file target-v2.csv (CSV, N, CA and C atoms)
chain,number,residue,atom,x,y,z
A,1,MET,N,0.8,-1.2,0.0
A,1,MET,CA,0.0,0.0,0.0
A,1,MET,C,0.9,1.3,0.0
A,2,LYS,N,2.0,1.2,0.8
A,2,LYS,CA,2.9,2.4,0.8
A,2,LYS,C,3.5,2.6,-0.6
A,3,LYS,N,3.8,1.6,-1.3
A,3,LYS,CA,4.4,1.7,-2.6
A,3,LYS,C,3.3,2.4,-3.6
A,4,LEU,N,2.1,2.0,-3.4
A,4,LEU,CA,1.0,2.5,-4.3
A,4,LEU,C,0.8,4.0,-4.0
A,5,ILE,N,0.9,4.4,-2.8
A,5,ILE,CA,0.7,5.9,-2.4
A,5,ILE,C,1.9,6.6,-3.0
A,6,PHE,N,3.1,6.0,-2.8
A,6,PHE,CA,4.3,6.7,-3.4
A,6,PHE,C,4.3,6.9,-4.9
A,7,VAL,N,3.8,5.8,-5.6
A,7,VAL,CA,3.6,5.9,-7.1
A,7,VAL,C,2.7,7.0,-7.4
A,8,PHE,N,1.5,7.1,-6.8
A,8,PHE,CA,0.5,8.1,-7.1
A,8,PHE,C,1.0,9.5,-6.8
A,9,ALA,N,1.8,9.6,-5.7
A,9,ALA,CA,2.4,10.9,-5.3
A,9,ALA,C,3.4,11.3,-6.4
A,10,PHE,N,4.2,10.4,-6.8
A,10,PHE,CA,5.2,10.6,-7.8
A,10,PHE,C,4.6,11.0,-9.1
A,11,LEU,N,3.5,10.3,-9.5
A,11,LEU,CA,2.9,10.6,-10.8
A,11,LEU,C,2.2,12.0,-10.7
A,12,ALA,N,1.6,12.3,-9.6
A,12,ALA,CA,0.9,13.6,-9.5
A,12,ALA,C,2.0,14.7,-9.6
A,13,PHE,N,3.1,14.5,-9.0
A,13,PHE,CA,4.2,15.5,-9.0
A,13,PHE,C,4.8,15.6,-10.4
A,14,ALA,N,5.0,14.5,-11.1
A,14,ALA,CA,5.6,14.4,-12.4
A,14,ALA,C,4.7,15.0,-13.5
A,15,CYS,N,3.4,14.8,-13.3
A,15,CYS,CA,2.5,15.3,-14.3
A,15,CYS,C,2.0,16.7,-14.2
A,16,GLY,N,2.4,17.3,-13.1
A,16,GLY,CA,2.0,18.7,-12.9
A,16,GLY,C,2.7,19.6,-13.8
A,17,SER,N,2.0,20.7,-14.2
A,17,SER,CA,2.6,21.6,-15.2
A,17,SER,C,3.3,22.8,-14.4
A,18,ASP,N,4.3,23.3,-15.0
A,18,ASP,CA,5.0,24.4,-14.4
A,18,ASP,C,4.9,25.6,-15.3
A,19,ASP,N,3.9,26.5,-14.9
A,19,ASP,CA,3.7,27.7,-15.7
A,19,ASP,C,4.8,28.7,-15.8
A,20,ASP,N,5.8,28.6,-14.8
A,20,ASP,CA,6.9,29.5,-14.8
A,20,ASP,C,7.8,29.2,-16.0
A,21,ASN,N,7.8,28.0,-16.5
A,21,ASN,CA,8.7,27.7,-17.7
A,21,ASN,C,8.0,27.9,-19.0
A,22,ASN,N,7.0,28.7,-19.0
A,22,ASN,CA,6.3,29.0,-20.3
A,22,ASN,C,7.1,29.9,-21.1
A,23,ASN,N,7.7,29.5,-22.2
A,23,ASN,CA,8.6,30.3,-23.1
A,23,ASN,C,7.8,31.0,-24.1
A,24,GLU,N,6.5,31.1,-24.1
A,24,GLU,CA,5.7,31.8,-25.1
A,24,GLU,C,5.5,33.2,-24.6
A,25,GLU,N,6.5,34.0,-24.4
A,25,GLU,CA,6.4,35.3,-24.0
A,25,GLU,C,5.8,36.2,-25.1
A,26,THR,N,5.0,37.1,-24.7
A,26,THR,CA,4.4,38.0,-25.7
A,26,THR,C,5.3,39.3,-25.7
A,27,SER,N,5.8,39.6,-26.8
A,27,SER,CA,6.6,40.8,-26.9
A,27,SER,C,5.8,41.9,-27.6
A,28,PHE,N,6.1,43.1,-27.2
A,28,PHE,CA,5.4,44.3,-27.8
A,28,PHE,C,6.1,44.7,-29.1
A,29,VAL,N,5.4,44.9,-30.1
A,29,VAL,CA,5.9,45.2,-31.5
A,29,VAL,C,5.6,46.7,-31.7
A,30,LEU,N,6.6,47.5,-31.9
A,30,LEU,CA,6.5,48.9,-32.2
A,30,LEU,C,6.1,49.2,-33.6
A,31,VAL,N,6.6,48.4,-34.5
A,31,VAL,CA,6.4,48.6,-36.0
A,31,VAL,C,4.9,48.8,-36.3
A,32,GLY,N,4.6,49.9,-37.0
A,32,GLY,CA,3.2,50.1,-37.3
A,32,GLY,C,2.9,51.6,-37.4
A,33,THR,N,1.7,52.0,-37.5
A,33,THR,CA,1.2,53.4,-37.5
A,33,THR,C,0.5,53.6,-36.2
A,34,TRP,N,0.9,54.7,-35.5
A,34,TRP,CA,0.3,55.0,-34.2
A,34,TRP,C,-0.2,56.4,-34.3
A,35,GLU,N,-1.4,56.7,-33.8
A,35,GLU,CA,-2.0,58.0,-33.8
A,35,GLU,C,-2.5,58.4,-32.4
A,36,GLY,N,-2.4,59.7,-32.1
A,36,GLY,CA,-2.9,60.2,-30.8
A,36,GLY,C,-3.1,61.7,-30.9
A,37,THR,N,-3.6,62.2,-29.8
A,37,THR,CA,-3.9,63.6,-29.6
A,37,THR,C,-2.9,64.2,-28.6
A,38,ILE,N,-2.3,65.4,-29.0
A,38,ILE,CA,-1.4,66.0,-28.1
A,38,ILE,C,-1.9,67.4,-27.8
A,39,THR,N,-1.4,68.0,-26.7
A,39,THR,CA,-1.8,69.4,-26.3
A,39,THR,C,-0.5,70.1,-26.2
A,40,GLU,N,-0.5,71.4,-26.5
A,40,GLU,CA,0.6,72.3,-26.4
A,40,GLU,C,0.6,72.8,-25.0
A,41,PRO,N,1.7,72.6,-24.3
A,41,PRO,CA,1.8,73.1,-22.9
A,41,PRO,C,1.6,74.6,-22.8
A,42,GLY,N,0.7,75.0,-21.9
A,42,GLY,CA,0.4,76.5,-21.7
A,42,GLY,C,-0.7,77.0,-22.6
A,43,TYR,N,-1.2,76.2,-23.5
A,43,TYR,CA,-2.2,76.6,-24.5
A,43,TYR,C,-3.4,75.6,-24.4
A,44,ASP,N,-4.5,76.1,-24.9
A,44,ASP,CA,-5.7,75.2,-25.0
A,44,ASP,C,-5.8,74.5,-26.3
A,45,THR,N,-4.8,74.4,-27.1
A,45,THR,CA,-4.9,73.9,-28.4
A,45,THR,C,-4.5,72.4,-28.4
A,46,GLU,N,-5.2,71.6,-29.2
A,46,GLU,CA,-4.9,70.2,-29.4
A,46,GLU,C,-4.4,70.0,-30.8
A,47,GLY,N,-3.6,69.0,-31.0
A,47,GLY,CA,-3.1,68.6,-32.3
A,47,GLY,C,-3.2,67.1,-32.4
A,48,GLN,N,-3.1,66.7,-33.6
A,48,GLN,CA,-3.1,65.2,-33.9
A,48,GLN,C,-1.7,64.9,-34.3
A,49,VAL,N,-1.3,63.7,-33.9
A,49,VAL,CA,0.1,63.2,-34.2
A,49,VAL,C,0.0,61.8,-34.8
A,50,GLU,N,0.7,61.6,-35.8
A,50,GLU,CA,0.8,60.2,-36.4
A,50,GLU,C,2.3,59.8,-36.4
A,51,LEU,N,2.6,58.7,-35.9
A,51,LEU,CA,4.0,58.2,-35.8
A,51,LEU,C,4.0,56.9,-36.6
A,52,VAL,N,4.7,56.8,-37.7
A,52,VAL,CA,4.9,55.6,-38.5
A,52,VAL,C,6.2,55.1,-38.3
A,53,LEU,N,6.3,53.8,-37.7
A,53,LEU,CA,7.5,53.1,-37.5
A,53,LEU,C,7.6,51.9,-38.4
A,54,ASN,N,8.5,52.0,-39.4
A,54,ASN,CA,8.6,50.9,-40.4
A,54,ASN,C,9.6,49.9,-40.0
A,55,SER,N,9.4,48.7,-40.5
A,55,SER,CA,10.3,47.5,-40.1
A,55,SER,C,11.7,47.7,-40.6
A,56,ASP,N,12.0,48.6,-41.5
A,56,ASP,CA,13.3,48.8,-42.0
A,56,ASP,C,14.0,49.9,-41.2
A,57,SER,N,13.5,50.3,-40.0
A,57,SER,CA,14.1,51.3,-39.1
A,57,SER,C,14.0,52.7,-39.6
A,58,THR,N,13.1,53.0,-40.5
A,58,THR,CA,12.8,54.3,-40.9
A,58,THR,C,11.4,54.7,-40.4
A,59,GLY,N,11.0,56.0,-40.5
A,59,GLY,CA,9.7,56.3,-40.0
A,59,GLY,C,9.4,57.8,-40.4
A,60,THR,N,8.1,58.1,-40.1
A,60,THR,CA,7.6,59.5,-40.4
A,60,THR,C,6.8,59.9,-39.2
A,61,LEU,N,7.0,61.2,-38.9
A,61,LEU,CA,6.2,61.9,-37.8
A,61,LEU,C,5.4,63.0,-38.5
A,62,ILE,N,4.1,62.9,-38.3
A,62,ILE,CA,3.2,63.9,-38.9
A,62,ILE,C,2.5,64.6,-37.7
A,63,VAL,N,2.6,65.9,-37.6
A,63,VAL,CA,1.9,66.6,-36.5
A,63,VAL,C,1.0,67.7,-37.1
A,64,ILE,N,-0.2,67.7,-36.8
A,64,ILE,CA,-1.2,68.6,-37.3
A,64,ILE,C,-1.7,69.5,-36.2
A,65,TRP,N,-1.4,70.8,-36.2
A,65,TRP,CA,-1.9,71.8,-35.3
A,65,TRP,C,-2.8,72.7,-36.1
A,66,GLU,N,-4.1,72.7,-35.7
A,66,GLU,CA,-5.1,73.6,-36.4
A,66,GLU,C,-4.9,73.4,-37.9
A,67,MET,N,-4.4,74.4,-38.6
A,67,MET,CA,-4.3,74.4,-40.1
A,67,MET,C,-2.9,74.1,-40.5
A,68,ASP,N,-1.9,73.9,-39.6
A,68,ASP,CA,-0.5,73.7,-39.9
A,68,ASP,C,-0.2,72.2,-39.8
A,69,THR,N,0.4,71.7,-40.8
A,69,THR,CA,0.9,70.3,-40.8
A,69,THR,C,2.4,70.2,-41.0
A,70,GLU,N,3.1,69.5,-40.1
A,70,GLU,CA,4.5,69.3,-40.2
A,70,GLU,C,4.8,67.8,-40.3
A,71,THR,N,5.6,67.5,-41.3
A,71,THR,CA,6.0,66.1,-41.6
A,71,THR,C,7.6,66.0,-41.5
A,72,SER,N,8.0,65.0,-40.7
A,72,SER,CA,9.5,64.8,-40.6
A,72,SER,C,9.8,63.3,-40.8
A,73,SER,N,10.9,63.1,-41.5
A,73,SER,CA,11.3,61.7,-41.7
A,73,SER,C,12.5,61.4,-40.7
A,74,PHE,N,12.7,60.1,-40.3
A,74,PHE,CA,13.7,59.8,-39.4
A,74,PHE,C,14.1,58.3,-39.5
A,75,SER,N,15.2,58.0,-38.9
A,75,SER,CA,15.5,56.6,-38.7
A,75,SER,C,15.3,56.3,-37.2
A,76,TRP,N,15.1,55.1,-36.8
A,76,TRP,CA,14.8,54.8,-35.4
A,76,TRP,C,15.4,53.5,-34.9
A,77,SER,N,15.5,53.4,-33.6
A,77,SER,CA,15.9,52.2,-33.0
A,77,SER,C,15.1,52.2,-31.6
A,78,SER,N,15.1,51.1,-30.9
A,78,SER,CA,14.4,51.1,-29.7
A,78,SER,C,15.0,50.1,-28.7
A,79,THR,N,14.6,50.3,-27.4
A,79,THR,CA,14.8,49.4,-26.3
A,79,THR,C,13.5,49.0,-25.7
A,80,ASP,N,13.5,48.4,-24.6
A,80,ASP,CA,12.2,48.0,-23.9
A,80,ASP,C,11.4,49.2,-23.4
A,81,THR,N,12.1,50.4,-23.3
A,81,THR,CA,11.4,51.5,-22.7
A,81,THR,C,11.5,52.8,-23.5
A,82,GLN,N,12.3,52.8,-24.6
A,82,GLN,CA,12.5,54.1,-25.3
A,82,GLN,C,12.6,53.8,-26.8
A,83,ILE,N,12.2,54.9,-27.6
A,83,ILE,CA,12.3,54.9,-29.0
A,83,ILE,C,13.3,56.0,-29.3
A,84,ASN,N,14.4,55.7,-30.0
A,84,ASN,CA,15.4,56.7,-30.4
A,84,ASN,C,15.2,57.1,-31.8
A,85,LEU,N,14.9,58.4,-32.0
A,85,LEU,CA,14.6,59.0,-33.3
A,85,LEU,C,15.8,59.8,-33.8
A,86,ASN,N,16.3,59.6,-35.0
A,86,ASN,CA,17.3,60.4,-35.6
A,86,ASN,C,16.7,61.1,-36.8
A,87,PHE,N,16.2,62.3,-36.7
A,87,PHE,CA,15.5,63.0,-37.8
A,87,PHE,C,16.5,63.3,-38.9
A,88,ASP,N,16.0,63.1,-40.1
A,88,ASP,CA,16.9,63.4,-41.3
A,88,ASP,C,17.3,64.8,-41.3
A,89,SER,N,16.5,65.8,-40.9
A,89,SER,CA,16.8,67.2,-40.9
A,89,SER,C,17.8,67.6,-39.9
A,90,GLU,N,18.0,66.8,-38.8
A,90,GLU,CA,18.9,67.1,-37.7
A,90,GLU,C,19.5,65.8,-37.2
A,91,PRO,N,20.4,65.1,-38.0
A,91,PRO,CA,20.9,63.8,-37.7
A,91,PRO,C,21.8,63.8,-36.4
A,92,ASP,N,22.3,64.9,-36.1
A,92,ASP,CA,23.2,65.0,-34.9
A,92,ASP,C,22.5,65.3,-33.6
A,93,GLU,N,21.2,65.4,-33.7
A,93,GLU,CA,20.4,65.7,-32.5
A,93,GLU,C,19.3,64.7,-32.3
A,94,PRO,N,19.6,63.5,-31.8
A,94,PRO,CA,18.6,62.5,-31.7
A,94,PRO,C,17.6,62.8,-30.6
A,95,GLU,N,16.4,62.4,-30.8
A,95,GLU,CA,15.3,62.6,-29.9
A,95,GLU,C,15.0,61.2,-29.2
A,96,ILE,N,14.7,61.3,-27.9
A,96,ILE,CA,14.3,60.0,-27.2
A,96,ILE,C,12.9,60.1,-26.8
A,97,LEU,N,12.1,59.1,-27.1
A,97,LEU,CA,10.7,59.1,-26.6
A,97,LEU,C,10.6,57.8,-25.7
A,98,TYR,N,10.1,58.0,-24.5
A,98,TYR,CA,9.9,57.0,-23.6
A,98,TYR,C,8.5,56.4,-23.8
A,99,TYR,N,8.3,55.1,-23.8
A,99,TYR,CA,7.0,54.6,-24.0
A,99,TYR,C,6.6,53.6,-22.9
A,100,PHE,N,5.4,53.5,-22.6
A,100,PHE,CA,4.8,52.6,-21.6
A,100,PHE,C,3.7,51.8,-22.2
A,101,VAL,N,3.8,50.5,-22.2
A,101,VAL,CA,2.8,49.7,-22.9
A,101,VAL,C,1.6,49.5,-22.1
A,102,ILE,N,0.4,49.8,-22.7
A,102,ILE,CA,-0.9,49.5,-22.1
A,102,ILE,C,-1.4,48.1,-22.6
A,103,ASP,N,-1.4,47.9,-23.9
A,103,ASP,CA,-1.7,46.6,-24.5
A,103,ASP,C,-1.1,46.6,-25.9
A,104,GLN,N,-1.3,45.6,-26.7
A,104,GLN,CA,-0.6,45.5,-28.0
A,104,GLN,C,-1.0,46.6,-28.9
A,105,ASP,N,-2.1,47.3,-28.7
A,105,ASP,CA,-2.5,48.4,-29.6
A,105,ASP,C,-2.5,49.7,-28.9
A,106,THR,N,-2.0,49.9,-27.7
A,106,THR,CA,-2.1,51.1,-27.0
A,106,THR,C,-0.8,51.3,-26.2
A,107,MET,N,-0.2,52.5,-26.3
A,107,MET,CA,1.0,52.9,-25.5
A,107,MET,C,0.9,54.4,-25.1
A,108,LEU,N,1.6,54.7,-24.0
A,108,LEU,CA,1.7,56.1,-23.6
A,108,LEU,C,3.1,56.5,-24.0
A,109,VAL,N,3.3,57.7,-24.5
A,109,VAL,CA,4.6,58.2,-25.0
A,109,VAL,C,4.9,59.5,-24.3
A,110,SER,N,6.2,59.7,-23.9
A,110,SER,CA,6.6,60.9,-23.3
A,110,SER,C,8.0,61.2,-23.7
A,111,GLU,N,8.4,62.5,-23.7
A,111,GLU,CA,9.7,62.9,-23.9
A,111,GLU,C,10.5,63.0,-22.6
A,112,ASP,N,9.9,62.7,-21.5
A,112,ASP,CA,10.5,62.8,-20.2
A,112,ASP,C,10.5,61.4,-19.5
A,113,GLU,N,11.6,60.9,-19.2
A,113,GLU,CA,11.7,59.6,-18.5
A,113,GLU,C,11.1,59.6,-17.2
A,114,GLU,N,11.0,60.7,-16.5
A,114,GLU,CA,10.4,60.8,-15.2
A,114,GLU,C,8.9,60.9,-15.2
A,115,GLY,N,8.4,61.2,-16.4
A,115,GLY,CA,6.9,61.3,-16.5
A,115,GLY,C,6.4,62.6,-16.1
A,116,ASP,N,7.2,63.7,-16.0
A,116,ASP,CA,6.8,65.0,-15.6
A,116,ASP,C,5.9,65.7,-16.6
A,117,ASP,N,6.0,65.3,-17.9
A,117,ASP,CA,5.2,66.0,-18.9
A,117,ASP,C,4.0,65.0,-19.2
A,118,GLU,N,3.1,65.5,-20.1
A,118,GLU,CA,1.9,64.7,-20.4
A,118,GLU,C,2.3,63.5,-21.2
A,119,PHE,N,1.5,62.5,-21.1
A,119,PHE,CA,1.7,61.2,-21.8
A,119,PHE,C,0.6,61.1,-22.8
A,120,PRO,N,0.8,61.5,-24.1
A,120,PRO,CA,-0.2,61.2,-25.1
A,120,PRO,C,-0.4,59.7,-25.2
A,121,THR,N,-1.7,59.3,-25.3
A,121,THR,CA,-2.0,57.9,-25.6
A,121,THR,C,-2.0,57.7,-27.1
A,122,MET,N,-1.2,56.7,-27.5
A,122,MET,CA,-1.1,56.4,-28.9
A,122,MET,C,-1.8,55.1,-29.2
A,123,TYR,N,-2.5,55.1,-30.3
A,123,TYR,CA,-3.3,53.9,-30.7
A,123,TYR,C,-2.8,53.3,-32.0
A,124,ARG,N,-2.6,52.0,-32.1
A,124,ARG,CA,-2.2,51.4,-33.3
A,124,ARG,C,-3.3,51.5,-34.3
A,125,GLN,N,-3.0,51.9,-35.5
A,125,GLN,CA,-4.0,52.0,-36.6
A,125,GLN,C,-4.0,50.8,-37.5
call {"tool": "encode", "arguments": {"input": "target-v2.csv", "output": "structure tokens"}}
result
Amino acid sequence: MKKLIFVFAFLAFACGSDDDNNNEETSFVLVGTWEGTITEPGYDTEGQVELVLNSDSTGTLIVIWEMDTETSSFSWSSTDTQINLNFDSEPDEPEILYYFVIDQDTMLVSEDEEGDDEFPTMYRQ
């Protein structure tokens, strides 16, 4: 009887699953078109922003303030928390955007690592 209990205990232990060893991690993909609304600090104006991140590490930033549209091209790279933009017009002055993932189609973006400025919510299109 003791052997039977030992065998059942061993089988129960051996057949249990270990969720900690699940190698199917979900990674966040930045490539795509992202849109959001931004506000100009100190003013009551809102603008629309479109951030296009291509898989070949190029991209486009389109900002629309009232009747004015500004388009900039750049190359980009990223880490788990930031997007590094090198604008074609100013290649020696890289911009860093910090991002925080909400879900696969939503992220918050800031130019300030500490989060002292506003975080526009960007939605995948």
call {"tool": "atom_distance", "arguments": {"input": "target-v2.csv", "atom1": "atom C of Asn86 (chain A)", "atom2": "atom N of Tyr99 (chain A)"}}
result
16.6 Å
call {"tool": "atom_distance", "arguments": {"input": "target-v2.csv", "atom1": "atom C of Phe119 (chain A)", "atom2": "atom N of Val49 (chain A)"}}
result
11.6 Å
call {"tool": "residues_around", "arguments": {"input": "target-v2.csv", "residues": "Ser72 (chain A)", "least_positions_apart": "2", "cutoff": "12 Å", "atoms": "only C-alpha atoms", "output": "ChimeraX atom specification"}}
result
/A:49-52,58-64,69-70,74-75,85-91
call {"tool": "atom_distance", "arguments": {"input": "target-v2.csv", "atom1": "CA of Trp65 (chain A)", "atom2": "atom N of Asn84 (chain A)"}}
result
23.5 Å
call {"tool": "residues_around", "arguments": {"input": "target-v2.csv", "residues": "region 105-107 of chain A", "least_positions_apart": "6", "cutoff": "5 Å", "atoms": "only N, CA and C atoms", "output": "list of chain:residue names"}}
result
A:Thr121, A:Met122, A:Tyr123, A:Arg124
call {"tool": "closest_residue", "arguments": {"input": "target-v2.csv", "among": "A:Asp56, A:Ser27, A:Tyr98, A:Gly36", "to": "Pro120 (chain A)", "atoms": "all atoms listed in the file"}}
result
A:Gly36
call {"tool": "residues_around", "arguments": {"input": "target-v2.csv", "residues": "Thr39 (chain A)", "least_positions_apart": "6", "cutoff": "9 Å", "atoms": "only C-alpha atoms", "output": "PyMOL selection string"}}
result
chain A and resi 45-48+118+120
